[in-house]
>>> print(open('entry-v2.cif').read())   # mmCIF, C-alpha atoms
data_model
loop_
_atom_site.label_atom_id
_atom_site.label_comp_id
_atom_site.auth_asym_id
_atom_site.auth_seq_id
_atom_site.Cartn_x
_atom_site.Cartn_y
_atom_site.Cartn_z
CA MET A 27 -51.84 50.89 49.86
CA ASN A 28 -54.38 53.62 50.36
CA SER A 29 -53.60 57.20 49.39
CA ALA A 30 -53.61 58.49 53.01
CA ASP A 31 -50.86 56.02 53.98
CA LEU A 32 -48.83 56.97 50.91
CA VAL A 33 -49.18 60.70 51.67
CA LYS A 34 -47.93 60.08 55.23
CA ILE A 35 -44.93 58.08 53.98
CA LEU A 36 -44.07 60.81 51.45
CA GLU A 37 -44.37 63.55 54.11
CA GLU A 38 -42.09 61.63 56.51
CA HIS A 39 -39.64 61.03 53.67
CA LYS A 40 -39.62 64.72 52.69
CA LEU A 41 -38.82 65.60 56.31
CA TRP A 42 -36.07 62.96 56.31
CA VAL A 43 -34.53 64.45 53.15
CA THR A 44 -34.80 68.11 54.18
CA SER A 45 -33.46 67.43 57.69
CA MET A 46 -30.52 65.51 56.24
CA CYS A 47 -31.70 62.28 57.87
CA GLU A 48 -32.07 63.87 61.32
CA SER A 49 -35.86 63.50 61.58
CA GLY A 50 -38.68 61.90 59.66
CA SER A 51 -38.01 58.55 58.07
CA ARG A 52 -36.74 57.23 54.77
CA ALA A 53 -39.55 55.98 52.53
CA ASN A 54 -39.60 52.21 52.56
CA LEU A 55 -41.86 51.21 49.69
CA ARG A 56 -40.24 47.84 48.99
CA TYR A 57 -42.56 45.53 47.10
CA TYR A 58 -45.52 47.93 47.40
CA ASP A 59 -48.08 47.97 44.60
CA LEU A 60 -47.96 51.55 43.33
CA SER A 61 -49.14 50.74 39.83
CA ASP A 62 -50.88 53.62 38.07
CA THR A 63 -50.18 55.90 41.06
CA ASN A 64 -49.72 59.65 40.50
CA LEU A 65 -46.26 60.42 41.91
CA ARG A 66 -45.67 63.38 39.60
CA GLY A 67 -42.99 65.64 41.09
CA ALA A 68 -42.66 63.50 44.24
CA ASN A 69 -39.41 63.72 46.19
CA LEU A 70 -38.29 60.11 46.48
CA SER A 71 -34.55 60.75 46.61
CA GLY A 72 -32.87 57.93 48.50
CA ALA A 73 -36.16 56.03 48.88
CA ASP A 74 -36.25 52.24 48.87
CA LEU A 75 -38.53 51.18 46.02
CA SER A 76 -36.86 47.83 45.37
CA GLY A 77 -39.27 45.29 43.98
CA ALA A 78 -42.11 47.85 43.93
CA ASN A 79 -44.75 47.64 41.23
CA LEU A 80 -44.66 51.08 39.58
CA SER A 81 -46.10 49.95 36.27
CA GLY A 82 -48.02 52.77 34.62
CA ALA A 83 -47.16 55.16 37.46
CA ASP A 84 -46.71 58.86 36.69
CA LEU A 85 -43.24 59.70 38.01
CA SER A 86 -42.71 62.63 35.67
CA GLY A 87 -40.56 65.27 37.30
CA ALA A 88 -40.02 63.06 40.37
CA ASN A 89 -36.77 63.24 42.30
CA LEU A 90 -35.49 59.65 42.32
CA ARG A 91 -31.88 60.66 42.91
CA GLY A 92 -30.10 57.79 44.68
CA ALA A 93 -33.32 55.76 45.00
CA ASN A 94 -33.13 51.98 45.14
CA LEU A 95 -35.25 50.70 42.24
CA ARG A 96 -33.62 47.28 42.08
CA GLY A 97 -36.09 44.81 40.60
CA ALA A 98 -38.86 47.42 40.43
CA ASN A 99 -41.51 47.07 37.75
CA LEU A 100 -41.49 50.37 35.86
CA ARG A 101 -43.20 48.96 32.78
CA GLY A 102 -45.03 51.81 31.04
CA ALA A 103 -44.16 54.30 33.80
CA ASN A 104 -43.79 57.97 32.90
CA LEU A 105 -40.28 58.99 33.98
CA ARG A 106 -40.07 62.05 31.73
CA ASP A 107 -38.02 64.79 33.45
CA ALA A 108 -37.47 62.55 36.48
CA ASP A 109 -34.05 62.82 38.14
CA LEU A 110 -32.59 59.31 38.16
CA SER A 111 -29.05 60.40 39.03
CA GLY A 112 -27.43 57.69 41.10
CA ALA A 113 -30.59 55.57 41.15
CA TYR A 114 -29.99 51.84 41.45
CA LEU A 115 -31.86 50.24 38.55
CA ARG A 116 -30.36 46.75 38.36
CA GLY A 117 -33.02 44.25 37.40
CA ALA A 118 -35.69 46.93 36.98
CA ASN A 119 -38.26 46.36 34.23
CA LEU A 120 -38.21 49.51 32.08
CA SER A 121 -40.18 48.10 29.13
CA GLY A 122 -42.22 50.85 27.57
CA ALA A 123 -41.18 53.37 30.22
CA ASP A 124 -40.96 57.00 29.13
CA LEU A 125 -37.40 57.75 30.26
CA PRO A 126 -35.55 61.07 30.49
CA ASP A 127 -33.44 61.91 27.45
CA HIS A 128 -30.03 60.23 27.36
CA THR A 129 -30.91 57.58 29.95
CA PHE A 130 -29.74 54.04 29.25
CA VAL A 131 -29.52 50.76 31.15
CA ILE A 132 -26.82 48.52 29.71
CA MET A 133 -27.09 44.82 30.48
CA GLY A 134 -24.69 41.93 29.93
CA GLU A 135 -21.49 43.66 31.04
CA LYS A 136 -19.23 42.71 33.96
CA TYR A 137 -20.80 45.51 35.99
CA ALA A 138 -24.36 46.78 35.74
CA ILE A 139 -24.22 50.12 33.89
CA THR A 140 -26.75 52.93 34.00
CA ILE A 141 -26.35 56.25 32.19
CA THR A 142 -28.69 58.86 33.61
CA ASN A 143 -29.64 62.11 31.89
CA GLY A 144 -26.43 61.88 29.86
CA GLU A 145 -24.60 63.16 32.92
CA TYR A 146 -24.08 60.34 35.44
CA VAL A 147 -22.76 56.84 34.86
CA ARG A 148 -23.14 54.08 37.43
CA ALA A 149 -20.91 51.06 36.90
CA GLY A 150 -21.42 48.49 39.63
CA CYS A 151 -21.55 50.46 42.88
CA GLN A 152 -19.57 53.43 41.52
CA ASN A 153 -21.59 56.46 40.40
CA HIS A 154 -19.76 59.43 38.87
CA THR A 155 -20.24 62.10 36.24
CA VAL A 156 -19.21 61.32 32.68
CA GLU A 157 -16.39 63.86 32.97
CA GLU A 158 -15.07 62.22 36.16
CA TRP A 159 -15.06 58.80 34.49
CA ARG A 160 -13.10 60.20 31.54
CA LYS A 161 -10.32 61.63 33.74
CA TYR A 162 -9.59 59.03 36.43
CA SER A 163 -6.00 58.04 37.08
CA LYS A 164 -4.90 54.42 36.97
CA GLU A 165 -4.58 54.44 40.76
CA GLU A 166 -8.12 55.79 41.25
CA ILE A 167 -9.59 53.09 39.00
CA ALA A 168 -7.54 50.38 40.78
CA GLU A 169 -8.93 51.57 44.13
CA MET A 170 -12.46 50.90 42.88
CA ASP A 171 -12.10 47.15 42.29
CA GLY A 172 -8.44 46.34 41.65
CA ARG A 173 -7.48 44.48 38.48
CA ASN A 174 -11.12 43.88 37.53
CA ALA A 175 -11.75 47.62 37.34
CA LEU A 176 -8.51 48.25 35.46
CA ARG A 177 -9.43 45.65 32.83
CA PHE A 178 -13.01 46.91 32.52
CA TYR A 179 -12.29 50.66 32.46
CA PRO A 180 -11.38 50.89 28.72
CA ARG A 181 -14.61 49.01 27.89
CA LEU A 182 -16.62 51.41 30.07
CA LEU A 183 -15.16 54.41 28.24
CA LYS A 184 -16.09 52.82 24.89
CA ILE A 185 -19.66 52.33 26.16
CA ILE A 186 -19.84 55.96 27.29
CA ASP A 187 -18.47 57.09 23.91
CA PHE A 188 -21.03 54.96 22.07
CA TYR A 189 -24.04 56.33 23.96
CA LEU A 190 -22.96 59.92 24.57
CA GLY A 191 -20.40 60.70 21.88
CA GLU A 192 -16.64 60.40 21.89
CA GLY A 193 -14.70 62.22 24.53
CA GLU A 194 -11.26 62.34 26.02
CA HIS A 195 -9.58 59.31 27.58
CA PRO A 196 -6.71 59.44 30.08
CA ALA A 197 -3.23 59.18 28.57
CA TRP A 198 -2.29 56.26 30.83
CA LEU A 199 -4.55 53.96 28.80
CA ASN A 200 -2.07 54.23 25.91
CA GLU A 201 0.94 53.33 28.07
CA PRO A 202 2.27 49.76 27.86
CA ASP A 203 1.37 47.49 30.78
CA LYS A 204 4.59 46.99 32.80
CA GLU A 205 3.55 43.52 34.04
CA SER A 206 3.03 42.33 30.44
CA GLU A 207 6.51 43.62 29.50
CA GLN A 208 8.16 41.77 32.42
CA VAL A 209 6.53 38.46 31.42
CA ALA A 210 7.62 38.75 27.78
#
>>> encode(input="entry-v2.cif", output="structure tokens")
Amino acid sequence: MNSADLVKILEEHKLWVTSMCESGSRANLRYYDLSDTNLRGANLSGADLSGANLSGADLSGANLRGANLRGANLRGANLRDADLSGAYLRGANLSGADLPDHTFVIMGEKYAITITNGEYVRAGCQNHTVEEWRKYSKEEIAEMDGRNALRFYPRLLKIIDFYLGEGEHPAWLNEPDKESEQVA
């Protein structure tokens, strides 16, 4: 992609973001080769960068809030001070990437987990602040994905505690499970 085309896409995307999706157009950079591109400070919030090659790109200070980076190659990319809140990073290659402090991608769990800037945690399709995750009621967790979410929630809190330090857990986690009592 030449730089003039990229500038046009970024301008249209900026208009799309600032007009709250009323005008302009969302940046669709799926599978584009943007390796070694200077995107320092770019506003790519909500952009589709899935499968894009961003290896070695300078994304420092970029707004990638809510961007789709699924399967993107971010190997060696500079993401220092980038806002990755709510970004979808499943399958992204982050080898050697310079990530913001307190940003983690946890693989091998029931749900894909991303901790961004030590403030937001995405588990599966749910993205909430650390404090929100620590205070959810049993009913709120069940609404997310039923029994699967209820079984996984204590594990998620342990993961959050491990990466960000121990914090409070809702009291209902210490209550006996009524279904288990009825079976016994």
>>> resolve_selection(input="entry-v2.cif", expression="the PyMOL selection byres ((chain A and resi 83) around 12)", output="MDAnalysis selection string")
chainID A and resid 59:68 78:82 84:86 88 98:106 120 122:124
>>> resolve_selection(input="entry-v2.cif", expression="the PyMOL selection byres ((chain A and resi 186) around 10)", output="ChimeraX atom specification")
/A:139,141,144,147,156,159-160,180-185,187-193
>>> closest_residue(input="entry-v2.cif", among="A:Leu176, A:Leu110, A:Ala197, A:Ala138", to="A:Leu125", atoms="only C-alpha atoms")
A:Leu110
>>> resolve_selection(input="entry-v2.cif", expression="the PyMOL selection byres ((chain A and resi 74) around 12)", output="NGL selection string")
:A and (35-36 or 39 or 51-58 or 70-73 or 75-78 or 90-98 or 113-115)
>>> closest_residue(input="entry-v2.cif", among="A:Ala118, A:Ala175, A:Leu199, A:Ala168", to="A:Tyr137", atoms="only C-alpha atoms")
A:Ala175
>>> atom_distance(input="entry-v2.cif", atom1="atom CA of A:Ala108", atom2="atom CA of A:His128")
12.0 Å
>>> closest_residue(input="entry-v2.cif", among="A:Ser163, A:Asn119, A:Thr140, A:Thr44", to="A:Pro196", atoms="only C-alpha atoms")
A:Ser163
>>> atom_distance(input="entry-v2.cif", atom1="atom CA of A:Asn89", atom2="atom CA of A:Met170")
27.3 Å
>>> atom_distance(input="entry-v2.cif", atom1="atom CA of A:Lys161", atom2="atom CA of A:His195")
6.6 Å
>>> residues_around(input="entry-v2.cif", residues="A:Ser49", least_positions_apart="3", cutoff="12 Å", atoms="all atoms listed in the file", output="short mmCIF file (atom, residue, chain, number, x, y, z; two decimals) with C-alpha atoms, in the coordinates of the input")
data_model
loop_
_atom_site.label_atom_id
_atom_site.label_comp_id
_atom_site.auth_asym_id
_atom_site.auth_seq_id
_atom_site.Cartn_x
_atom_site.Cartn_y
_atom_site.Cartn_z
CA GLU A 37 -44.37 63.55 54.11
CA GLU A 38 -42.09 61.63 56.51
CA HIS A 39 -39.64 61.03 53.67
CA LYS A 40 -39.62 64.72 52.69
CA LEU A 41 -38.82 65.60 56.31
CA TRP A 42 -36.07 62.96 56.31
CA VAL A 43 -34.53 64.45 53.15
CA THR A 44 -34.80 68.11 54.18
CA SER A 45 -33.46 67.43 57.69
CA MET A 46 -30.52 65.51 56.24
CA ARG A 52 -36.74 57.23 54.77
#
>>> closest_residue(input="entry-v2.cif", among="A:Gly50, A:Gly150, A:Pro126, A:Gly172", to="A:Ser111", atoms="all atoms listed in the file")
A:Pro126
